[in-house]
$ cat coords-v2.txt   # compact mmCIF, C-alpha atoms
# COMPACT_ATOMS: atom_id res chain seq x y z
CA GLN M 948 -13.68 46.85 -15.20
CA VAL M 949 -14.54 50.02 -13.30
CA ARG M 950 -12.89 53.34 -14.04
CA LEU M 951 -13.19 56.48 -11.92
CA VAL M 952 -12.19 59.85 -13.37
CA GLU M 953 -11.98 62.98 -11.24
CA SER M 954 -12.17 66.59 -12.36
CA GLY M 955 -12.39 70.02 -10.80
CA GLY M 956 -9.20 70.37 -8.80
CA GLY M 957 -6.96 73.40 -8.97
CA LEU M 958 -5.46 76.34 -7.14
CA VAL M 959 -7.64 78.56 -4.99
CA GLN M 960 -7.08 81.22 -2.34
CA ALA M 961 -8.00 80.59 1.26
CA GLY M 962 -11.71 81.13 1.76
CA GLY M 963 -12.51 80.12 -1.80
CA SER M 964 -14.52 77.22 -3.18
CA LEU M 965 -14.04 74.32 -5.55
CA ARG M 966 -16.35 71.58 -6.78
CA LEU M 967 -14.89 68.17 -7.53
CA SER M 968 -16.67 65.66 -9.73
CA CYS M 969 -16.06 61.97 -10.31
CA SER M 970 -17.54 59.96 -13.14
CA ALA M 971 -17.65 56.17 -12.99
CA SER M 972 -17.70 53.95 -16.06
CA GLY M 973 -17.62 50.23 -16.65
CA SER M 974 -19.36 47.64 -14.51
CA THR M 975 -20.94 50.14 -12.16
CA VAL M 976 -24.18 48.33 -11.38
CA GLY M 977 -24.62 48.09 -7.64
CA PHE M 978 -22.26 50.83 -6.49
CA PHE M 979 -23.06 51.21 -2.85
CA TYR M 980 -20.62 53.69 -1.39
CA MET M 981 -19.05 56.47 -3.40
CA GLY M 982 -17.06 59.32 -2.05
CA TRP M 983 -13.76 61.07 -1.55
CA PHE M 984 -10.51 60.54 0.31
CA ARG M 985 -7.51 62.83 0.36
CA GLN M 986 -3.81 62.27 0.73
CA ALA M 987 -0.70 64.36 1.24
CA PRO M 988 2.68 63.06 0.04
CA GLY M 989 4.07 60.53 2.50
CA ASN M 990 0.85 60.37 4.48
CA GLU M 991 -1.98 57.87 4.60
CA ARG M 992 -5.25 58.44 2.82
CA GLU M 993 -7.90 60.02 5.00
CA LEU M 994 -11.62 59.97 4.62
CA VAL M 995 -13.25 63.20 3.46
CA ALA M 996 -16.82 62.13 2.75
CA THR M 997 -18.80 59.17 1.53
CA ILE M 998 -22.38 58.74 0.44
CA SER M 999 -24.41 55.57 0.10
CA SER M 1000 -26.79 54.75 -2.73
CA SER M 1001 -29.66 55.80 -0.44
CA GLY M 1002 -28.05 59.17 0.28
CA ALA M 1003 -26.68 58.56 3.76
CA THR M 1004 -23.49 60.57 4.23
CA ASN M 1005 -20.40 60.29 6.38
CA ILE M 1006 -18.38 63.51 6.61
CA ALA M 1007 -15.00 63.90 8.32
CA ASP M 1008 -15.06 66.21 11.32
CA SER M 1009 -12.24 68.29 9.81
CA VAL M 1010 -14.43 69.36 6.88
CA LYS M 1011 -17.92 69.17 8.37
CA GLY M 1012 -19.85 72.36 7.73
CA ARG M 1013 -17.57 73.32 4.82
CA PHE M 1014 -17.74 70.33 2.45
CA THR M 1015 -20.83 68.66 1.00
CA VAL M 1016 -20.98 65.35 -0.86
CA SER M 1017 -23.70 64.44 -3.34
CA ARG M 1018 -24.26 61.82 -6.02
CA ASP M 1019 -26.35 61.13 -9.09
CA ASN M 1020 -27.06 57.41 -9.18
CA ALA M 1021 -28.44 57.52 -12.70
CA LYS M 1022 -25.23 59.07 -14.01
CA ASN M 1023 -22.84 57.24 -11.65
CA THR M 1024 -21.29 60.50 -10.56
CA VAL M 1025 -20.30 61.84 -7.17
CA HIS M 1026 -19.51 65.45 -6.34
CA LEU M 1027 -17.68 67.23 -3.54
CA GLN M 1028 -18.55 70.87 -2.96
CA MET M 1029 -15.75 72.47 -0.94
CA ASN M 1030 -16.35 75.87 0.58
CA ASN M 1031 -14.17 78.06 2.80
CA LEU M 1032 -11.08 76.15 1.75
CA GLN M 1033 -8.03 76.49 3.95
CA PRO M 1034 -4.31 75.82 3.32
CA GLU M 1035 -4.53 72.64 5.39
CA ASP M 1036 -6.99 71.28 2.82
CA THR M 1037 -4.17 71.11 0.27
CA ARG M 1038 -4.06 67.46 -0.77
CA ALA M 1039 -4.61 65.13 -3.69
CA TYR M 1040 -8.30 64.20 -3.63
CA LEU M 1041 -9.20 60.69 -4.74
CA CYS M 1042 -12.57 59.39 -5.83
CA TYR M 1043 -13.67 56.14 -4.21
CA ALA M 1044 -16.36 53.59 -4.99
CA ARG M 1045 -17.29 50.26 -3.49
CA ILE M 1046 -19.33 47.36 -4.87
CA GLY M 1047 -19.72 44.65 -2.28
CA SER M 1048 -16.22 43.94 -1.05
CA PHE M 1049 -14.51 45.44 -4.09
CA GLU M 1050 -13.01 48.93 -3.81
CA TYR M 1051 -12.06 51.22 -6.66
CA TRP M 1052 -9.98 54.40 -6.75
CA GLY M 1053 -9.48 57.24 -9.15
CA GLN M 1054 -6.08 58.69 -10.02
CA GLY M 1055 -6.68 61.79 -7.94
CA THR M 1056 -6.99 65.50 -8.56
CA GLN M 1057 -4.80 68.06 -6.82
CA VAL M 1058 -6.33 70.79 -4.69
CA THR M 1059 -3.97 73.55 -3.59
CA VAL M 1060 -5.10 76.34 -1.28
CA SER M 1061 -2.88 79.40 -0.96
CA SER M 1062 -2.87 81.58 2.13
$ encode --input "coords-v2.txt" --output "structure tokens"
Amino acid sequence: QVRLVESGGGLVQAGGSLRLSCSASGSTVGFFYMGWFRQAPGNERELVATISSSGATNIADSVKGRFTVSRDNAKNTVHLQMNNLQPEDTRAYLCYARIGSFEYWGQGTQVTVSS
């Protein structure tokens, strides 16, 4: 069983920064993609950023240049550095991991950006 636990969310003023972290435990051997999605109430989840085990990244256009994703394969952790946050970034941010065809999700951590 795989468990993903996020940390680092909170309230920040526009222009500020936050760093999210996600720690994976359980049967984590072979994680290929890890990353982050975000979701507002009543809306679908949207990709923020993913990173493969080799370090290849996929960043959403809406956050490109402001957000950076990184991972530590040895520790099964993935991080999201968010700079120049804006009110439209207010969402629940969910950690994501994929092993083969199996997908796993964290519970989410709330990021709220005040104007």
$ closest_residue --input "coords-v2.txt" --among "M:Ala987, M:Val1025, M:Ile1006, M:Ala971" --to "Val952 of chain M" --atoms "only C-alpha atoms"
M:Ala971
$ closest_residue --input "coords-v2.txt" --among "M:Gly973, M:Gly1012, M:Gly957, M:Gly963" --to "Gly1055 of chain M" --atoms "all atoms listed in the file"
M:Gly957
$ closest_residue --input "coords-v2.txt" --among "M:Ala1044, M:Leu965, M:Ala1039, M:Ala1021" --to "Ser999 of chain M" --atoms "only C-alpha atoms"
M:Ala1044
$ atom_distance --input "coords-v2.txt" --atom1 "atom CA of Lys1011 of chain M" --atom2 "atom CA of Leu967 of chain M"
16.2 Å
$ residues_near_point --input "coords-v2.txt" --point "(-10.1, 67.8, 7.9)" --cutoff "10 Å" --atoms "all atoms listed in the file" --output "number ranges by chain"
M: 985, 993-995, 1006-1011, 1013-1014, 1033, 1035-1036
$ write_last_selection --input "coords-v2.txt" --atoms "C-alpha atoms" --output "mmCIF file, in the frame of the given file"
data_model
loop_
_atom_site.group_PDB
_atom_site.id
_atom_site.type_symbol
_atom_site.label_atom_id
_atom_site.label_comp_id
_atom_site.auth_asym_id
_atom_site.auth_seq_id
_atom_site.Cartn_x
_atom_site.Cartn_y
_atom_site.Cartn_z
ATOM 1 C CA ARG M 985 -7.510 62.830 0.360
ATOM 2 C CA GLU M 993 -7.900 60.020 5.000
ATOM 3 C CA LEU M 994 -11.620 59.970 4.620
ATOM 4 C CA VAL M 995 -13.250 63.200 3.460
ATOM 5 C CA ILE M 1006 -18.380 63.510 6.610
ATOM 6 C CA ALA M 1007 -15.000 63.900 8.320
ATOM 7 C CA ASP M 1008 -15.060 66.210 11.320
ATOM 8 C CA SER M 1009 -12.240 68.290 9.810
ATOM 9 C CA VAL M 1010 -14.430 69.360 6.880
ATOM 10 C CA LYS M 1011 -17.920 69.170 8.370
ATOM 11 C CA ARG M 1013 -17.570 73.320 4.820
ATOM 12 C CA PHE M 1014 -17.740 70.330 2.450
ATOM 13 C CA GLN M 1033 -8.030 76.490 3.950
ATOM 14 C CA GLU M 1035 -4.530 72.640 5.390
ATOM 15 C CA ASP M 1036 -6.990 71.280 2.820
#
$ residues_near_point --input "coords-v2.txt" --point "(-6.7, 52.1, -7.1)" --cutoff "12 Å" --atoms "only C-alpha atoms" --output "PyMOL selection string"
chain M and resi 948-952+984+992+1041-1045+1049-1055
$ closest_residue --input "coords-v2.txt" --among "M:Ile998, M:Ala961, M:Ile1046, M:Val1060" --to "Leu1027 of chain M" --atoms "only C-alpha atoms"
M:Ile998
$ closest_residue --input "coords-v2.txt" --among "M:Asn1030, M:Arg1038, M:Lys1022, M:Phe979" --to "Gly1002 of chain M" --atoms "all atoms listed in the file"
M:Phe979
$ atom_distance --input "coords-v2.txt" --atom1 "atom CA of Asn1020 of chain M" --atom2 "atom CA of Val959 of chain M"
29.0 Å
$ closest_residue --input "coords-v2.txt" --among "M:Ser1061, M:Ser954, M:Ser1048, M:Ser1000" --to "Arg966 of chain M" --atoms "all atoms listed in the file"
M:Ser954
$ atom_distance --input "coords-v2.txt" --atom1 "atom CA of Glu953 of chain M" --atom2 "atom CA of Phe978 of chain M"
16.6 Å
$ decode --input "coords-v2.txt" --residues "segment 959-995 of chain M" --atoms "N, CA, C and O atoms" --output "PDB file, in the first residue's frame"
ATOM      1  N   VAL M 959      -0.682  32.920   2.314  1.00  0.00           N
ATOM      2  CA  VAL M 959       0.417  33.797   1.941  1.00  0.00           C
ATOM      3  C   VAL M 959      -0.147  34.984   1.167  1.00  0.00           C
ATOM      4  O   VAL M 959      -1.201  34.870   0.524  1.00  0.00           O
ATOM      5  N   GLN M 960       0.532  36.115   1.239  1.00  0.00           N
ATOM      6  CA  GLN M 960       0.106  37.278   0.466  1.00  0.00           C
ATOM      7  C   GLN M 960       0.571  37.155  -0.979  1.00  0.00           C
ATOM      8  O   GLN M 960       1.562  36.471  -1.271  1.00  0.00           O
ATOM      9  N   ALA M 961      -0.140  37.834  -1.858  1.00  0.00           N
ATOM     10  CA  ALA M 961       0.248  37.830  -3.265  1.00  0.00           C
ATOM     11  C   ALA M 961       1.697  38.282  -3.408  1.00  0.00           C
ATOM     12  O   ALA M 961       2.131  39.233  -2.758  1.00  0.00           O
ATOM     13  N   GLY M 962       2.425  37.569  -4.252  1.00  0.00           N
ATOM     14  CA  GLY M 962       3.843  37.839  -4.437  1.00  0.00           C
ATOM     15  C   GLY M 962       4.746  37.010  -3.543  1.00  0.00           C
ATOM     16  O   GLY M 962       5.962  37.003  -3.731  1.00  0.00           O
ATOM     17  N   GLY M 963       4.157  36.311  -2.591  1.00  0.00           N
ATOM     18  CA  GLY M 963       4.936  35.501  -1.668  1.00  0.00           C
ATOM     19  C   GLY M 963       5.267  34.128  -2.217  1.00  0.00           C
ATOM     20  O   GLY M 963       4.937  33.794  -3.364  1.00  0.00           O
ATOM     21  N   SER M 964       5.904  33.330  -1.374  1.00  0.00           N
ATOM     22  CA  SER M 964       6.368  31.999  -1.775  1.00  0.00           C
ATOM     23  C   SER M 964       5.964  30.948  -0.754  1.00  0.00           C
ATOM     24  O   SER M 964       5.811  31.251   0.433  1.00  0.00           O
ATOM     25  N   LEU M 965       5.798  29.744  -1.236  1.00  0.00           N
ATOM     26  CA  LEU M 965       5.575  28.577  -0.387  1.00  0.00           C
ATOM     27  C   LEU M 965       6.307  27.399  -1.020  1.00  0.00           C
ATOM     28  O   LEU M 965       6.487  27.350  -2.239  1.00  0.00           O
ATOM     29  N   ARG M 966       6.676  26.447  -0.176  1.00  0.00           N
ATOM     30  CA  ARG M 966       7.298  25.213  -0.661  1.00  0.00           C
ATOM     31  C   ARG M 966       6.483  24.042  -0.143  1.00  0.00           C
ATOM     32  O   ARG M 966       6.352  23.861   1.076  1.00  0.00           O
ATOM     33  N   LEU M 967       5.928  23.269  -1.058  1.00  0.00           N
ATOM     34  CA  LEU M 967       5.187  22.074  -0.693  1.00  0.00           C
ATOM     35  C   LEU M 967       6.099  20.860  -0.771  1.00  0.00           C
ATOM     36  O   LEU M 967       6.967  20.787  -1.637  1.00  0.00           O
ATOM     37  N   SER M 968       5.874  19.934   0.135  1.00  0.00           N
ATOM     38  CA  SER M 968       6.619  18.672   0.127  1.00  0.00           C
ATOM     39  C   SER M 968       5.649  17.510   0.209  1.00  0.00           C
ATOM     40  O   SER M 968       4.577  17.613   0.798  1.00  0.00           O
ATOM     41  N   CYS M 969       6.037  16.403  -0.387  1.00  0.00           N
ATOM     42  CA  CYS M 969       5.220  15.189  -0.350  1.00  0.00           C
ATOM     43  C   CYS M 969       6.145  14.008  -0.092  1.00  0.00           C
ATOM     44  O   CYS M 969       7.130  13.811  -0.817  1.00  0.00           O
ATOM     45  N   SER M 970       5.807  13.249   0.927  1.00  0.00           N
ATOM     46  CA  SER M 970       6.598  12.078   1.284  1.00  0.00           C
ATOM     47  C   SER M 970       5.790  10.824   0.992  1.00  0.00           C
ATOM     48  O   SER M 970       4.626  10.720   1.398  1.00  0.00           O
ATOM     49  N   ALA M 971       6.400   9.889   0.287  1.00  0.00           N
ATOM     50  CA  ALA M 971       5.737   8.633  -0.065  1.00  0.00           C
ATOM     51  C   ALA M 971       6.249   7.502   0.811  1.00  0.00           C
ATOM     52  O   ALA M 971       7.454   7.401   1.067  1.00  0.00           O
ATOM     53  N   SER M 972       5.352   6.661   1.258  1.00  0.00           N
ATOM     54  CA  SER M 972       5.739   5.495   2.050  1.00  0.00           C
ATOM     55  C   SER M 972       4.976   4.275   1.538  1.00  0.00           C
ATOM     56  O   SER M 972       3.981   4.402   0.833  1.00  0.00           O
ATOM     57  N   GLY M 973       5.469   3.105   1.914  1.00  0.00           N
ATOM     58  CA  GLY M 973       4.840   1.880   1.453  1.00  0.00           C
ATOM     59  C   GLY M 973       5.602   1.280   0.295  1.00  0.00           C
ATOM     60  O   GLY M 973       6.821   1.415   0.198  1.00  0.00           O
ATOM     61  N   SER M 974       4.887   0.652  -0.600  1.00  0.00           N
ATOM     62  CA  SER M 974       5.504  -0.031  -1.740  1.00  0.00           C
ATOM     63  C   SER M 974       5.837   0.976  -2.826  1.00  0.00           C
ATOM     64  O   SER M 974       5.145   1.110  -3.824  1.00  0.00           O
ATOM     65  N   THR M 975       6.930   1.702  -2.613  1.00  0.00           N
ATOM     66  CA  THR M 975       7.254   2.817  -3.490  1.00  0.00           C
ATOM     67  C   THR M 975       8.285   2.466  -4.554  1.00  0.00           C
ATOM     68  O   THR M 975       8.650   3.321  -5.358  1.00  0.00           O
ATOM     69  N   VAL M 976       8.758   1.239  -4.560  1.00  0.00           N
ATOM     70  CA  VAL M 976       9.772   0.863  -5.548  1.00  0.00           C
ATOM     71  C   VAL M 976       9.205   1.025  -6.944  1.00  0.00           C
ATOM     72  O   VAL M 976       8.125   0.539  -7.250  1.00  0.00           O
ATOM     73  N   GLY M 977       9.953   1.764  -7.790  1.00  0.00           N
ATOM     74  CA  GLY M 977       9.521   1.901  -9.166  1.00  0.00           C
ATOM     75  C   GLY M 977       8.632   3.073  -9.457  1.00  0.00           C
ATOM     76  O   GLY M 977       8.059   3.162 -10.547  1.00  0.00           O
ATOM     77  N   PHE M 978       8.492   4.026  -8.501  1.00  0.00           N
ATOM     78  CA  PHE M 978       7.760   5.244  -8.811  1.00  0.00           C
ATOM     79  C   PHE M 978       8.350   5.854 -10.070  1.00  0.00           C
ATOM     80  O   PHE M 978       9.540   6.105 -10.138  1.00  0.00           O
ATOM     81  N   PHE M 979       7.519   6.091 -11.040  1.00  0.00           N
ATOM     82  CA  PHE M 979       8.027   6.744 -12.227  1.00  0.00           C
ATOM     83  C   PHE M 979       7.709   8.231 -12.171  1.00  0.00           C
ATOM     84  O   PHE M 979       8.588   9.049 -12.004  1.00  0.00           O
ATOM     85  N   TYR M 980       6.440   8.578 -12.304  1.00  0.00           N
ATOM     86  CA  TYR M 980       6.072   9.979 -12.216  1.00  0.00           C
ATOM     87  C   TYR M 980       5.649  10.331 -10.789  1.00  0.00           C
ATOM     88  O   TYR M 980       4.930   9.570 -10.145  1.00  0.00           O
ATOM     89  N   MET M 981       6.113  11.468 -10.333  1.00  0.00           N
ATOM     90  CA  MET M 981       5.590  12.086  -9.123  1.00  0.00           C
ATOM     91  C   MET M 981       5.303  13.536  -9.460  1.00  0.00           C
ATOM     92  O   MET M 981       5.878  14.090 -10.420  1.00  0.00           O
ATOM     93  N   GLY M 982       4.433  14.137  -8.702  1.00  0.00           N
ATOM     94  CA  GLY M 982       4.171  15.534  -9.002  1.00  0.00           C
ATOM     95  C   GLY M 982       2.992  16.086  -8.247  1.00  0.00           C
ATOM     96  O   GLY M 982       2.624  15.569  -7.182  1.00  0.00           O
ATOM     97  N   TRP M 983       2.417  17.142  -8.811  1.00  0.00           N
ATOM     98  CA  TRP M 983       1.373  17.903  -8.140  1.00  0.00           C
ATOM     99  C   TRP M 983       0.249  18.264  -9.106  1.00  0.00           C
ATOM    100  O   TRP M 983       0.501  18.669 -10.249  1.00  0.00           O
ATOM    101  N   PHE M 984      -0.968  18.126  -8.593  1.00  0.00           N
ATOM    102  CA  PHE M 984      -2.162  18.650  -9.241  1.00  0.00           C
ATOM    103  C   PHE M 984      -2.802  19.628  -8.272  1.00  0.00           C
ATOM    104  O   PHE M 984      -2.453  19.665  -7.092  1.00  0.00           O
ATOM    105  N   ARG M 985      -3.735  20.411  -8.752  1.00  0.00           N
ATOM    106  CA  ARG M 985      -4.474  21.303  -7.863  1.00  0.00           C
ATOM    107  C   ARG M 985      -5.937  21.313  -8.257  1.00  0.00           C
ATOM    108  O   ARG M 985      -6.293  21.009  -9.400  1.00  0.00           O
ATOM    109  N   GLN M 986      -6.762  21.669  -7.280  1.00  0.00           N
ATOM    110  CA  GLN M 986      -8.200  21.570  -7.493  1.00  0.00           C
ATOM    111  C   GLN M 986      -8.922  22.600  -6.656  1.00  0.00           C
ATOM    112  O   GLN M 986      -8.657  22.748  -5.460  1.00  0.00           O
ATOM    113  N   ALA M 987      -9.840  23.314  -7.287  1.00  0.00           N
ATOM    114  CA  ALA M 987     -10.738  24.223  -6.576  1.00  0.00           C
ATOM    115  C   ALA M 987     -12.062  23.509  -6.371  1.00  0.00           C
ATOM    116  O   ALA M 987     -12.411  22.617  -7.153  1.00  0.00           O
ATOM    117  N   PRO M 988     -12.810  23.868  -5.340  1.00  0.00           N
ATOM    118  CA  PRO M 988     -14.098  23.202  -5.076  1.00  0.00           C
ATOM    119  C   PRO M 988     -15.009  23.246  -6.297  1.00  0.00           C
ATOM    120  O   PRO M 988     -15.209  24.302  -6.894  1.00  0.00           O
ATOM    121  N   GLY M 989     -15.539  22.087  -6.665  1.00  0.00           N
ATOM    122  CA  GLY M 989     -16.451  22.002  -7.792  1.00  0.00           C
ATOM    123  C   GLY M 989     -15.786  21.943  -9.144  1.00  0.00           C
ATOM    124  O   GLY M 989     -16.462  21.812 -10.171  1.00  0.00           O
ATOM    125  N   ASN M 990     -14.463  22.035  -9.154  1.00  0.00           N
ATOM    126  CA  ASN M 990     -13.737  21.996 -10.429  1.00  0.00           C
ATOM    127  C   ASN M 990     -12.935  20.708 -10.554  1.00  0.00           C
ATOM    128  O   ASN M 990     -12.694  20.013  -9.574  1.00  0.00           O
ATOM    129  N   GLU M 991     -12.519  20.412 -11.773  1.00  0.00           N
ATOM    130  CA  GLU M 991     -11.676  19.239 -11.993  1.00  0.00           C
ATOM    131  C   GLU M 991     -10.243  19.512 -11.541  1.00  0.00           C
ATOM    132  O   GLU M 991      -9.811  20.658 -11.468  1.00  0.00           O
ATOM    133  N   ARG M 992      -9.537  18.429 -11.285  1.00  0.00           N
ATOM    134  CA  ARG M 992      -8.116  18.555 -10.959  1.00  0.00           C
ATOM    135  C   ARG M 992      -7.359  19.009 -12.205  1.00  0.00           C
ATOM    136  O   ARG M 992      -7.655  18.575 -13.310  1.00  0.00           O
ATOM    137  N   GLU M 993      -6.386  19.849 -11.992  1.00  0.00           N
ATOM    138  CA  GLU M 993      -5.552  20.307 -13.100  1.00  0.00           C
ATOM    139  C   GLU M 993      -4.087  20.072 -12.775  1.00  0.00           C
ATOM    140  O   GLU M 993      -3.650  20.198 -11.638  1.00  0.00           O
ATOM    141  N   LEU M 994      -3.371  19.709 -13.805  1.00  0.00           N
ATOM    142  CA  LEU M 994      -1.947  19.466 -13.649  1.00  0.00           C
ATOM    143  C   LEU M 994      -1.219  20.756 -13.254  1.00  0.00           C
ATOM    144  O   LEU M 994      -1.480  21.822 -13.820  1.00  0.00           O
ATOM    145  N   VAL M 995      -0.320  20.629 -12.287  1.00  0.00           N
ATOM    146  CA  VAL M 995       0.594  21.727 -11.958  1.00  0.00           C
ATOM    147  C   VAL M 995       1.981  21.390 -12.499  1.00  0.00           C
ATOM    148  O   VAL M 995       2.534  22.116 -13.319  1.00  0.00           O
TER     149      VAL M 995
END
